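Enquirer: For reference, the file upload11.txt (compact mmCIF, C-alpha atoms and all ligand atoms) is included below:
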```txt
# COMPACT_ATOMS: atom_id res chain seq x y z
CA MET A 1 20.76 -0.46 -15.78
CA LYS A 2 21.17 -2.40 -12.57
CA ILE A 3 18.16 -3.84 -10.73
CA ILE A 4 18.11 -5.65 -7.42
CA THR A 5 15.43 -8.31 -7.02
CA ILE A 6 14.30 -9.32 -3.54
CA ILE A 7 13.07 -12.87 -3.01
CA GLY A 8 12.48 -14.75 0.20
CA ALA A 9 9.33 -16.86 0.41
CA ARG A 10 8.57 -19.81 -1.91
CA PRO A 11 6.08 -18.03 -4.21
CA GLN A 12 8.52 -15.15 -4.78
CA ILE A 13 11.31 -17.47 -5.79
CA ILE A 14 8.97 -19.05 -8.34
CA LYS A 15 7.68 -15.66 -9.57
CA SER A 16 11.22 -14.38 -10.04
CA ALA A 17 11.85 -17.06 -12.68
CA ALA A 18 9.71 -15.08 -15.15
CA ILE A 19 11.66 -11.83 -14.84
CA SER A 20 15.04 -13.60 -14.77
CA ARG A 21 14.04 -15.46 -17.94
CA ALA A 22 13.01 -12.23 -19.69
CA VAL A 23 16.27 -10.54 -18.63
CA ARG A 24 18.32 -13.53 -19.86
CA GLU A 25 16.48 -13.96 -23.16
CA LYS A 26 15.70 -10.37 -24.21
CA TYR A 27 17.30 -7.75 -22.04
CA SER A 28 20.75 -9.04 -21.04
CA ASP A 29 22.48 -6.15 -22.87
CA GLU A 30 20.46 -3.53 -21.02
CA LEU A 31 19.53 -4.95 -17.62
CA GLU A 32 21.79 -6.42 -14.98
CA GLU A 33 19.85 -8.29 -12.30
CA ILE A 34 21.26 -8.90 -8.82
CA ILE A 35 19.23 -11.30 -6.70
CA VAL A 36 18.98 -10.94 -2.94
CA HIS A 37 17.40 -13.86 -1.02
CA THR A 38 16.28 -12.79 2.43
CA GLY A 39 16.28 -16.40 3.66
CA GLN A 40 12.65 -16.15 4.83
CA HIS A 41 12.18 -19.66 3.47
CA TYR A 42 15.19 -21.92 3.80
CA ASP A 43 14.25 -25.62 3.76
CA GLU A 44 15.61 -27.34 0.66
CA ASN A 45 12.04 -28.04 -0.58
CA MET A 46 10.86 -24.46 0.12
CA SER A 47 13.78 -22.71 -1.59
CA ALA A 48 16.81 -24.46 -3.14
CA VAL A 49 14.70 -26.89 -5.18
CA PHE A 50 13.37 -24.09 -7.38
CA PHE A 51 16.61 -22.54 -8.59
CA ASP A 52 17.89 -25.30 -10.86
CA GLU A 53 14.56 -26.56 -12.14
CA LEU A 54 13.29 -23.07 -13.01
CA ASN A 55 16.68 -21.83 -14.24
CA ILE A 56 16.84 -18.97 -11.74
CA PRO A 57 20.32 -17.51 -11.20
CA ARG A 58 21.78 -18.31 -7.78
CA PRO A 59 21.25 -15.35 -5.41
CA HIS A 60 24.21 -13.00 -5.21
CA TYR A 61 23.38 -12.45 -1.53
CA ASN A 62 21.54 -14.51 1.08
CA LEU A 63 20.66 -12.70 4.28
CA ASN A 64 19.74 -15.99 6.03
CA VAL A 65 17.19 -14.22 8.28
CA GLY A 66 15.21 -17.45 8.85
CA SER A 67 11.96 -17.61 10.79
CA GLY A 68 10.86 -15.27 13.56
CA SER A 69 8.14 -12.92 14.70
CA HIS A 70 6.98 -10.39 12.10
CA GLY A 71 8.91 -7.51 13.68
CA ALA A 72 12.14 -9.39 14.27
CA GLN A 73 12.12 -11.03 10.84
CA THR A 74 11.28 -7.83 8.95
CA ALA A 75 13.84 -5.81 10.93
CA LYS A 76 16.68 -8.20 10.07
CA MET A 77 15.69 -8.08 6.41
CA LEU A 78 15.49 -4.29 6.43
CA ALA A 79 19.00 -3.88 7.87
CA GLY A 80 20.49 -6.48 5.52
CA ILE A 81 18.83 -5.13 2.38
CA GLU A 82 19.76 -1.52 3.16
CA LYS A 83 23.43 -2.46 3.50
CA ILE A 84 23.42 -4.19 0.10
CA LEU A 85 21.57 -1.30 -1.56
CA LEU A 86 24.11 1.20 -0.24
CA GLU A 87 26.95 -0.90 -1.63
CA GLU A 88 25.41 -1.90 -4.96
CA LYS A 89 23.65 1.41 -5.73
CA PRO A 90 21.06 -0.12 -8.09
CA ASP A 91 18.84 1.97 -10.37
CA ALA A 92 15.73 0.20 -9.08
CA LEU A 93 14.56 -2.49 -6.68
CA VAL A 94 12.07 -5.17 -7.72
CA VAL A 95 9.78 -6.84 -5.17
CA TYR A 96 7.03 -9.43 -5.58
CA GLY A 97 3.73 -9.95 -3.84
CA ASP A 98 2.98 -9.38 -0.19
CA THR A 99 5.34 -11.13 2.20
CA ASN A 100 7.56 -9.69 4.90
CA SER A 101 10.41 -9.84 2.36
CA THR A 102 8.34 -7.60 0.05
CA VAL A 103 7.68 -4.87 2.58
CA ALA A 104 11.26 -4.96 3.92
CA GLY A 105 12.61 -4.47 0.39
CA GLY A 106 10.18 -1.67 -0.40
CA LEU A 107 10.90 0.23 2.79
CA ALA A 108 14.69 -0.18 2.64
CA ALA A 109 14.86 1.11 -0.95
CA SER A 110 12.32 3.95 -0.80
CA LYS A 111 13.96 5.52 2.28
CA ILE A 112 17.23 5.91 0.36
CA TYR A 113 15.55 7.13 -2.84
CA ILE A 114 15.88 3.95 -4.89
CA PRO A 115 12.73 3.50 -7.02
CA VAL A 116 10.65 0.50 -6.04
CA VAL A 117 9.04 -1.70 -8.69
CA HIS A 118 6.17 -3.70 -7.20
CA ILE A 119 5.08 -6.74 -9.18
CA GLU A 120 1.60 -7.97 -8.20
CA ALA A 121 0.57 -4.50 -7.10
CA GLY A 122 -2.99 -3.47 -6.29
CA LEU A 123 -4.33 -6.78 -4.99
CA ARG A 124 -6.52 -6.39 -1.94
CA SER A 125 -8.41 -8.76 0.34
CA PHE A 126 -9.90 -5.82 2.28
CA ASN A 127 -8.96 -7.72 5.42
CA LYS A 128 -6.27 -5.81 7.26
CA ARG A 129 -5.94 -8.57 9.84
CA MET A 130 -3.90 -10.40 7.20
CA PRO A 131 -0.18 -9.61 7.48
CA GLU A 132 -0.09 -9.85 3.68
CA GLU A 133 -2.73 -7.09 3.29
CA GLN A 134 -0.63 -4.75 5.44
CA ASN A 135 2.49 -5.63 3.46
CA ARG A 136 0.85 -5.02 0.08
CA ILE A 137 -0.72 -1.70 1.01
CA LEU A 138 2.55 -0.39 2.46
CA CYS A 139 4.61 -1.59 -0.46
CA ASP A 140 2.23 -0.17 -3.08
CA HIS A 141 2.37 3.24 -1.43
CA LEU A 142 6.19 3.21 -1.43
CA SER A 143 6.47 2.18 -5.08
CA THR A 144 7.28 4.12 -8.22
CA LEU A 145 6.20 1.49 -10.77
CA LEU A 146 3.21 -0.66 -9.87
CA PHE A 147 2.45 -3.67 -12.07
CA SER A 148 -1.01 -5.07 -11.42
CA PRO A 149 -1.89 -8.50 -12.78
CA THR A 150 -5.61 -7.70 -12.92
CA LYS A 151 -7.97 -4.87 -13.83
CA GLN A 152 -9.39 -5.11 -10.33
CA GLY A 153 -5.91 -4.35 -8.96
CA VAL A 154 -5.77 -1.13 -10.98
CA GLU A 155 -9.24 -0.17 -9.72
CA ASN A 156 -8.17 -0.81 -6.13
CA LEU A 157 -5.18 1.50 -6.55
CA LYS A 158 -7.33 4.25 -8.11
CA ARG A 159 -9.59 4.06 -5.08
CA GLU A 160 -6.54 4.59 -2.87
CA GLY A 161 -5.66 7.78 -4.70
CA PHE A 162 -3.25 6.68 -7.43
CA ARG A 163 -3.69 9.13 -10.33
CA GLN A 164 -1.97 9.04 -13.67
CA ASP A 165 -0.29 12.08 -15.21
CA ASP A 166 1.77 10.99 -18.19
CA ALA A 167 3.23 14.49 -18.60
CA ILE A 168 5.28 14.16 -15.39
CA LYS A 169 8.34 11.91 -15.08
CA VAL A 170 7.58 9.05 -12.73
CA ASP A 171 8.97 9.05 -9.21
CA ILE A 172 7.74 8.07 -5.77
CA ASP A 173 5.37 11.06 -5.72
CA HIS A 174 4.19 10.41 -9.26
CA PRO A 175 3.97 6.63 -9.44
CA LYS A 176 2.80 4.80 -12.53
CA VAL A 177 0.28 1.97 -12.44
CA TYR A 178 0.05 -0.69 -15.16
CA HIS A 179 -2.34 -3.50 -15.88
CA CYS A 180 0.10 -5.98 -17.35
CA GLY A 181 -1.17 -9.53 -16.76
CA ASP A 182 0.18 -12.07 -14.34
CA ILE A 183 3.80 -13.23 -14.39
CA MET A 184 2.59 -16.49 -12.82
CA TYR A 185 0.48 -17.05 -15.92
CA ASP A 186 3.71 -16.56 -17.92
CA ASN A 187 5.39 -19.15 -15.71
CA SER A 188 2.55 -21.65 -15.77
CA LEU A 189 2.42 -21.56 -19.57
CA TYR A 190 6.19 -21.79 -19.89
CA PHE A 191 6.75 -24.60 -17.36
CA SER A 192 3.69 -26.68 -18.23
CA LYS A 193 5.49 -28.53 -21.04
CA VAL A 194 8.70 -28.81 -18.98
CA SER A 195 6.63 -30.41 -16.22
CA ASP A 196 5.12 -32.92 -18.69
CA ASP A 197 8.64 -33.91 -19.73
CA LYS A 198 10.31 -33.95 -16.34
CA SER A 199 7.85 -34.64 -13.52
CA SER A 200 7.20 -38.27 -12.58
CA LEU A 201 5.27 -37.48 -9.39
CA ILE A 202 1.89 -38.70 -10.67
CA GLN A 203 3.37 -42.14 -11.46
CA GLU A 204 5.27 -42.19 -8.16
CA LEU A 205 2.03 -41.53 -6.28
CA ASP A 206 0.29 -44.23 -8.36
CA LEU A 207 -2.30 -41.72 -9.58
CA THR A 208 -1.95 -42.14 -13.34
CA ASP A 209 -5.43 -41.83 -14.89
CA LYS A 210 -7.01 -41.88 -11.44
CA PRO A 211 -9.20 -39.12 -10.02
CA PHE A 212 -7.72 -37.16 -7.13
CA ILE A 213 -8.00 -33.83 -5.33
CA LEU A 214 -5.07 -31.49 -4.65
CA SER A 215 -5.10 -29.57 -1.40
CA THR A 216 -2.70 -27.09 0.24
CA VAL A 217 -3.12 -25.30 3.58
CA HIS A 218 -0.70 -22.79 5.08
CA ARG A 219 -2.42 -19.45 5.91
CA ASN A 220 -1.60 -18.38 9.47
CA ASP A 221 -5.29 -17.71 10.11
CA ASN A 222 -6.01 -21.39 9.41
CA THR A 223 -2.94 -23.08 10.88
CA ASP A 224 -2.77 -21.11 14.13
CA ASP A 225 -6.43 -21.47 15.15
CA PRO A 226 -7.29 -24.95 16.51
CA LYS A 227 -10.99 -24.62 15.57
CA ARG A 228 -10.28 -23.62 11.98
CA LEU A 229 -7.54 -26.19 11.43
CA THR A 230 -9.76 -28.92 12.90
CA ALA A 231 -12.71 -27.92 10.68
CA ILE A 232 -10.51 -27.97 7.57
CA PHE A 233 -9.07 -31.42 8.27
CA GLU A 234 -12.48 -32.85 9.26
CA ALA A 235 -13.90 -31.50 5.97
CA LEU A 236 -11.02 -33.04 3.98
CA LEU A 237 -11.52 -36.42 5.68
CA GLU A 238 -15.25 -36.36 4.95
CA ILE A 239 -14.85 -35.26 1.32
CA GLY A 240 -12.21 -37.95 0.73
CA SER A 241 -14.31 -40.78 2.13
CA LYS A 242 -17.69 -39.61 0.75
CA SER A 243 -16.34 -39.19 -2.79
CA GLN A 244 -13.90 -42.13 -2.40
CA THR A 245 -11.26 -39.83 -3.90
CA PRO A 246 -7.67 -39.46 -2.69
CA ILE A 247 -6.64 -36.00 -1.53
CA VAL A 248 -2.95 -35.20 -2.08
CA LEU A 249 -1.68 -32.66 0.42
CA PRO A 250 1.89 -31.32 0.00
CA LEU A 251 2.37 -30.05 3.52
CA HIS A 252 3.80 -26.57 4.19
CA PRO A 253 6.28 -26.64 7.14
CA ARG A 254 4.13 -24.18 9.08
CA THR A 255 1.13 -26.52 8.85
CA LYS A 256 3.23 -29.57 9.73
CA LYS A 257 4.33 -27.83 12.91
CA MET A 258 0.88 -26.46 13.84
CA MET A 259 -1.03 -29.72 13.19
CA ASP A 260 0.82 -31.27 16.15
CA VAL A 261 0.00 -28.26 18.32
CA ASN A 262 -3.59 -27.59 17.29
CA LEU A 263 -5.21 -30.91 16.31
CA SER A 264 -6.41 -33.53 18.79
CA VAL A 265 -4.58 -36.85 19.02
CA GLU A 266 -7.78 -38.51 17.78
CA LEU A 267 -7.99 -36.35 14.65
CA LEU A 268 -4.27 -36.74 13.94
CA GLY A 269 -4.79 -40.52 14.16
CA LYS A 270 -7.72 -40.36 11.71
CA ILE A 271 -5.65 -38.34 9.25
CA LYS A 272 -2.71 -40.74 9.54
CA ASN A 273 -4.89 -43.82 9.06
CA SER A 274 -7.12 -42.36 6.35
CA ALA A 275 -7.11 -44.28 3.07
CA PHE A 276 -7.80 -41.00 1.28
CA ILE A 277 -5.51 -38.32 2.73
CA LYS A 278 -2.03 -38.57 1.23
CA ILE A 279 0.28 -36.13 3.00
CA ILE A 280 3.57 -35.54 1.19
CA PRO A 281 6.41 -33.04 1.74
CA PRO A 282 6.30 -29.75 -0.22
CA VAL A 283 7.01 -30.47 -3.87
CA SER A 284 8.90 -28.68 -6.62
CA PHE A 285 7.10 -26.30 -9.00
CA LEU A 286 7.29 -28.81 -11.87
CA ASP A 287 5.69 -31.41 -9.58
CA VAL A 288 2.99 -29.05 -8.34
CA ILE A 289 2.11 -28.25 -11.96
CA ALA A 290 1.79 -31.99 -12.60
CA LEU A 291 -0.55 -32.25 -9.61
CA GLU A 292 -2.59 -29.24 -10.74
CA LYS A 293 -2.88 -30.50 -14.32
CA ASN A 294 -3.89 -34.02 -13.34
CA ALA A 295 -6.14 -33.29 -10.36
CA ASP A 296 -9.92 -33.14 -10.73
CA PHE A 297 -10.37 -30.55 -8.04
CA VAL A 298 -8.38 -28.18 -5.82
CA ILE A 299 -8.97 -27.20 -2.18
CA THR A 300 -6.55 -24.52 -0.97
CA ASP A 301 -5.91 -21.37 1.00
CA SER A 302 -2.92 -20.47 -1.19
CA GLY A 303 -3.07 -17.40 -3.40
CA GLY A 304 -0.86 -19.01 -6.02
CA VAL A 305 -2.50 -22.42 -6.06
CA GLN A 306 -6.07 -21.08 -6.40
CA LYS A 307 -4.99 -19.15 -9.47
CA GLU A 308 -3.01 -22.01 -10.99
CA ALA A 309 -6.13 -24.18 -10.51
CA PHE A 310 -7.87 -21.68 -12.81
CA PHE A 311 -4.95 -21.68 -15.32
CA PHE A 312 -5.22 -25.48 -15.54
CA GLN A 313 -9.01 -25.35 -15.62
CA LYS A 314 -9.78 -26.97 -12.28
CA PRO A 315 -12.61 -25.88 -9.98
CA CYS A 316 -11.45 -24.76 -6.57
CA ILE A 317 -12.57 -24.33 -2.99
CA ILE A 318 -10.79 -21.41 -1.32
CA LEU A 319 -10.31 -21.99 2.42
CA ARG A 320 -10.57 -18.30 3.22
CA PRO A 321 -13.43 -15.84 3.78
CA GLU A 322 -12.27 -13.72 0.84
CA THR A 323 -9.70 -13.62 -1.94
CA GLU A 324 -7.63 -11.04 -3.80
CA TRP A 325 -8.19 -13.03 -7.01
CA ILE A 326 -11.84 -12.08 -7.10
CA GLU A 327 -12.17 -12.70 -10.86
CA ILE A 328 -12.11 -16.49 -10.49
CA VAL A 329 -14.87 -16.33 -7.89
CA LYS A 330 -16.99 -13.92 -9.97
CA ASN A 331 -16.64 -16.26 -12.94
CA GLY A 332 -17.89 -19.19 -10.85
CA ASN A 333 -14.70 -21.29 -10.94
CA ALA A 334 -13.93 -20.98 -7.25
CA ILE A 335 -15.92 -20.48 -4.05
CA CYS A 336 -14.65 -18.87 -0.83
CA CYS A 337 -15.69 -21.21 1.97
CA ASP A 338 -13.65 -19.89 4.88
CA ALA A 339 -12.98 -22.77 7.29
CA ASP A 340 -16.69 -23.61 7.40
CA LYS A 341 -17.44 -27.32 6.97
CA ASN A 342 -20.99 -26.77 5.69
CA LYS A 343 -19.88 -24.24 3.10
CA ILE A 344 -17.03 -26.55 2.03
CA HIS A 345 -19.41 -29.50 1.53
CA ARG A 346 -21.95 -27.38 -0.39
CA ALA A 347 -19.26 -25.91 -2.62
CA PHE A 348 -17.81 -29.36 -3.31
CA GLU A 349 -21.23 -30.61 -4.41
CA GLN A 350 -21.69 -27.56 -6.61
CA LEU A 351 -18.29 -27.59 -8.30
CA TYR A 352 -17.01 -31.19 -8.40
CA LYS A 353 -17.54 -32.68 -11.85
CA ASN A 354 -19.40 -29.50 -12.89
CA GLN A 355 -19.21 -29.49 -16.71
CA ASN A 356 -20.61 -25.97 -17.12
CA LEU A 357 -17.62 -23.95 -15.96
CA THR A 358 -15.77 -21.73 -18.40
CA TYR A 359 -12.19 -20.47 -18.11
CA PRO A 360 -11.85 -17.17 -20.00
CA ASN A 361 -8.46 -15.52 -20.38
CA LEU A 362 -8.26 -13.21 -17.35
CA PHE A 363 -4.54 -13.09 -16.70
CA GLY A 364 -2.82 -11.71 -19.80
CA ASP A 365 -0.94 -13.15 -22.76
CA GLY A 366 1.95 -14.90 -21.02
CA LYS A 367 4.31 -11.99 -21.73
CA ALA A 368 3.87 -9.89 -18.60
CA ALA A 369 7.54 -10.25 -17.59
CA GLU A 370 8.83 -8.85 -20.89
CA PHE A 371 6.45 -5.93 -20.62
CA ILE A 372 7.65 -5.21 -17.08
CA CYS A 373 11.36 -5.28 -18.08
CA GLN A 374 10.69 -2.94 -21.01
CA GLU A 375 8.78 -0.47 -18.82
CA ILE A 376 11.50 -0.50 -16.15
CA LEU A 377 13.93 0.52 -18.89
CA ASN A 378 11.54 3.10 -20.38
CA GLN A 379 10.61 4.78 -17.12
CA ILE A 380 13.63 4.55 -14.86
CA ARG A 381 16.62 4.70 -17.23
CA CYS A 382 17.67 8.34 -17.42
C1 LIG B 1 4.89 -16.66 4.23
C2 LIG B 1 4.18 -15.36 3.86
C3 LIG B 1 2.86 -15.70 3.18
C4 LIG B 1 3.06 -16.63 2.01
C5 LIG B 1 3.86 -17.84 2.44
C6 LIG B 1 4.21 -18.67 1.23
C7 LIG B 1 4.54 -13.44 5.36
C8 LIG B 1 3.97 -12.64 6.46
N1 LIG B 1 3.87 -14.57 5.05
O1 LIG B 1 4.08 -17.33 5.16
O2 LIG B 1 2.27 -14.50 2.70
O3 LIG B 1 1.80 -17.04 1.54
O4 LIG B 1 5.08 -17.43 3.06
O5 LIG B 1 4.52 -19.98 1.55
O6 LIG B 1 5.55 -13.09 4.80
N2 LIG B 1 9.19 -22.74 8.05
C9 LIG B 1 10.05 -23.81 7.97
N3 LIG B 1 10.89 -23.83 6.90
C10 LIG B 1 10.95 -22.87 5.95
C11 LIG B 1 10.07 -21.79 6.07
C12 LIG B 1 9.19 -21.73 7.12
O7 LIG B 1 10.04 -24.71 8.79
O8 LIG B 1 11.74 -22.98 5.00
C13 LIG B 1 8.22 -22.72 9.18
C14 LIG B 1 8.78 -22.03 10.43
O9 LIG B 1 8.29 -22.71 11.54
C15 LIG B 1 8.15 -20.66 10.34
C16 LIG B 1 6.81 -20.95 9.69
O10 LIG B 1 7.06 -22.00 8.77
O11 LIG B 1 8.02 -20.06 11.59
C17 LIG B 1 6.21 -19.77 8.96
O12 LIG B 1 7.13 -19.23 7.99
P1 LIG B 1 7.03 -17.69 7.56
O13 LIG B 1 7.93 -17.44 6.43
O14 LIG B 1 7.14 -16.81 8.75
O15 LIG B 1 5.54 -17.55 7.10
P2 LIG B 1 4.70 -18.44 6.09
O16 LIG B 1 3.55 -19.00 6.86
O17 LIG B 1 5.57 -19.37 5.37
N1 LIG B 2 3.96 -24.66 -4.65
C1 LIG B 2 5.04 -25.51 -4.85
N2 LIG B 2 5.11 -26.64 -4.10
C2 LIG B 2 4.18 -26.97 -3.17
C3 LIG B 2 3.08 -26.09 -2.97
C4 LIG B 2 3.01 -24.93 -3.72
O1 LIG B 2 5.89 -25.25 -5.69
O2 LIG B 2 4.32 -28.02 -2.52
C5 LIG B 2 3.88 -23.43 -5.46
C6 LIG B 2 2.54 -23.16 -6.09
O3 LIG B 2 2.43 -23.82 -7.32
C7 LIG B 2 2.54 -21.66 -6.22
C8 LIG B 2 3.34 -21.20 -5.04
O4 LIG B 2 4.09 -22.34 -4.58
O5 LIG B 2 3.17 -21.22 -7.40
C9 LIG B 2 2.40 -20.76 -3.99
O6 LIG B 2 3.05 -20.64 -2.79
P1 LIG B 2 2.29 -20.67 -1.39
O7 LIG B 2 1.05 -21.47 -1.50
O8 LIG B 2 3.30 -21.11 -0.41
O9 LIG B 2 2.02 -19.13 -1.13
P2 LIG B 2 0.93 -18.07 -1.61
O10 LIG B 2 0.78 -18.15 -3.09
O11 LIG B 2 -0.34 -18.36 -0.88
O12 LIG B 2 1.51 -16.78 -1.14
```
What does the file become when written as structure tokens?

Expert:
Amino acid sequence: MKIITIIGARPQIIKSAAISRAVREKYSDELEEIIVHTGQHYDENMSAVFFDELNIPRPHYNLNVGSGSHGAQTAKMLAGIEKILLEEKPDALVVYGDTNSTVAGGLAASKIYIPVVHIEAGLRSFNKRMPEEQNRILCDHLSTLLFSPTKQGVENLKREGFRQDDAIKVDIDHPKVYHCGDIMYDNSLYFSKVSDDKSSLIQELDLTDKPFILSTVHRNDNTDDPKRLTAIFEALLEIGSKSQTPIVLPLHPRTKKMMDVNLSVELLGKIKNSAFIKIIPPVSFLDVIALEKNADFVITDSGGVQKEAFFFQKPCIILRPETEWIEIVKNGNAICCDADKNKIHRAFEQLYKNQNLTYPNLFGDGKAAEFICQEILNQIRC
């Protein structure tokens, strides 16, 4: 069976490592995987860095679409992916998550009757102003196999009308929904030891055995609104100096660009001269795992990083009004604070050094990728 996997943005490249590993280690006789990189992310530290360190096969195709408005970017992807699908004639197309690359892949394949396999299906923020929410809803409703990492994801899909009838062969009109665990939990377990052996970032930053906070910010809602971006950086400055704790901030290129546009010269100066804010370029996945494992606390608007904070048992402030990963909030490990300075301060007081938090297993057994490969074979192979 031939599958085409679409990747494009940083988190998808990282996610794809789990499926590529399962194909290589268990299914190489039965599954051929062709990787198409849309080129949505293209900087060395947003894309190339991940392939060697995570042992991901080099993409067979790179569409090099680069950055652009939603419509222009998605349109270029759609045209490029369709052309490859018509030439390669795969049995199925695999897409991850909720980016423009995800929706372009789903739409290109479903229109020409190639079954779509959506990994990370069912997640909802219930905030349709998010481009990601639009992408996920569209992609789920174009998919034939939907793999949800959480029970909540399955519930969300049921509410949108997905019904199971095991007597009927699956197709786009009779899609099948699974609760299979999170492939990023697979990856975090698998690469944790590799990171211990290979990452030297903590020593390089002179943070060995020292307390520090990890922060990432990149959501368009936060970066593109001067008020929100200002509130977030003011809160980080205050938390750093009040707690006398360094905050390490691997800076997403979008945020780097928008800080210059949306922050005052005075605030930029304070950030630059702060003894506590350590801005560094985006880091590799092995390095981010080292940061997550060694940090005392995480402040982020990233979907991936908030969940990895949970995997590595770190409390977390989520710089959004809501999250798709509602389980970690319900269990008390993370608090959604939006870009509200008061909420951020209160949540920090509540969670920092809180010894009463528990981290139950909410994200599977680390074998989600194998399960997904097996079900692709079971359901789509004629
Ligand atoms: C995208 C996804 C978002 C995901 C994030 C992961 C969509 C709609 N958004 O957001 O869901 O959480 O990726 O990181 O698909 N840029 C560079 N170099 C790069 C990539 C981007 O400089 O390699 C800059 C460009 O100025 C670009 C901006 O970042 O315009 C935004 O990139 P884009 O891919 O459009 O969206 P993200 O904010 O990265
Ligand atoms: N990540 C990384 N280097 C960084 C920051 C994040 O490798 O400097 C990883 C992170 O561990 C997670 C993924 O990138 O697995 C999350 O990507 P991002 O925050 O860009 O997007 P989101 O998950 O919000 O879609």

Enquirer: Of the residues A:Phe312, A:Phe51, A:Phe297, A:Tyr178, which is the one nearest to Gln350 in chain A, using only C-alpha atoms?

Expert: A:Phe297

Enquirer: Around ligand LIG 1 (chain B), which protein and nucleic acid residues have at least one atom no more than 10 Å from it, if we count only C-alpha atoms and all ligand atoms? List them as a VMD selection string.

Expert: chain A and resid 8 to 12 39 to 48 65 to 70 73 to 74 97 to 104 130 to 136 217 to 221 223 to 224 252 to 258 301 to 304

Enquirer: Listed atoms of range 299-305 of chain A, axis-aligned box, 8 Å per side: centre and edge lengths to one decimal in Å, as lines of an AutoDock Vina configuration file?

Expert:
```
center_x = -4.9
center_y = -22.3
center_z = -2.5
size_x = 24.1
size_y = 25.8
size_z = 23.1
```

Enquirer: Could you list, as an MDAnalysis selection string, every residue within 9 Å of range 263-271 of chain A, counting all atoms listed in the file and ignoring same-chain residues fewer than 6 positions away?

Expert: chainID A and resid 226:227 229:230 233:234 237 277:279

Enquirer: Just give me the gap between CA of Ile239 in chain A and CA of Phe348 in chain A in Å, one decimal is fine.

Expert: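 That distance, rounded to one decimal, is 8.1 Å.
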
Enquirer: Tell me which of A:Ala309, A:Ile168, A:Ile335, A:Leu351 sits closest to Tyr185 in chain A, counting all atoms listed in the file.

Expert: A:Ala309

Enquirer: Here is a test: counting all atoms listed in the file, which residue of A:Phe276, A:Tyr359, A:Trp325, A:Tyr113 is nearest to ligand LIG 2 (chain B)?

Expert: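 Smallest distance to ligand LIG 2 (chain B) is found for A:Trp325.
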
Enquirer: Which is closer to Asn378 in chain A than all the others in A:Tyr61, A:Lys314, A:Val170, A:Asp52, using all atoms listed in the file?

Expert: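 Nearest candidate to Asn378 in chain A out of A:Tyr61, A:Lys314, A:Val170, A:Asp52: A:Val170.
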
Enquirer: I need the residue nearest Ala17 in chain A from this list: A:Lys341, A:Lys2, A:Lys293, A:Arg58. Use all atoms listed in the file for the distance.

Expert: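 Distance minimum relative to Ala17 in chain A lands on A:Arg58.
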
Enquirer: Which residues come within 9 Å of Cys337 in chain A, counting only C-alpha atoms, excluding same-chain residues fewer than 4 positions away, as a list in words?

Expert: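 The residues that qualify are Ile317, Ile318, Leu319, Arg320, Pro321, Glu322, Lys341, Asn342, Lys343, Ile344 and Ala347 of chain A.
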
Enquirer: Write only N, CA, C and O atoms for range 133-140 of chain A from the block just shown, as a CSV table (one decimal), in the first residue's frame.

Expert:
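So the final result, stored in out-v8.csv, reads:
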```csv
chain,number,residue,atom,x,y,z
A,133,GLU,N,-8.9,26.2,14.0
A,133,GLU,CA,-10.2,25.6,14.2
A,133,GLU,C,-10.9,25.3,12.9
A,133,GLU,O,-11.5,24.3,12.7
A,134,GLN,N,-10.8,26.3,12.0
A,134,GLN,CA,-11.4,26.1,10.7
A,134,GLN,C,-10.8,24.9,9.9
A,134,GLN,O,-11.4,24.1,9.4
A,135,ASN,N,-9.5,24.9,10.0
A,135,ASN,CA,-8.7,23.8,9.3
A,135,ASN,C,-9.1,22.5,9.8
A,135,ASN,O,-9.3,21.5,9.1
A,136,ARG,N,-9.2,22.3,11.2
A,136,ARG,CA,-9.5,21.0,11.7
A,136,ARG,C,-10.9,20.6,11.4
A,136,ARG,O,-11.1,19.4,11.1
A,137,ILE,N,-11.8,21.5,11.5
A,137,ILE,CA,-13.2,21.1,11.2
A,137,ILE,C,-13.3,20.6,9.8
A,137,ILE,O,-13.9,19.5,9.5
A,138,LEU,N,-12.8,21.4,8.9
A,138,LEU,CA,-12.9,21.0,7.4
A,138,LEU,C,-12.2,19.7,7.2
A,138,LEU,O,-12.7,18.8,6.5
A,139,CYS,N,-11.0,19.6,7.7
A,139,CYS,CA,-10.3,18.3,7.4
A,139,CYS,C,-11.0,17.1,8.0
A,139,CYS,O,-11.1,16.1,7.4
A,140,ASP,N,-11.5,17.2,9.3
A,140,ASP,CA,-12.2,16.1,9.8
A,140,ASP,C,-13.4,15.7,8.9
A,140,ASP,O,-13.6,14.5,8.7
```
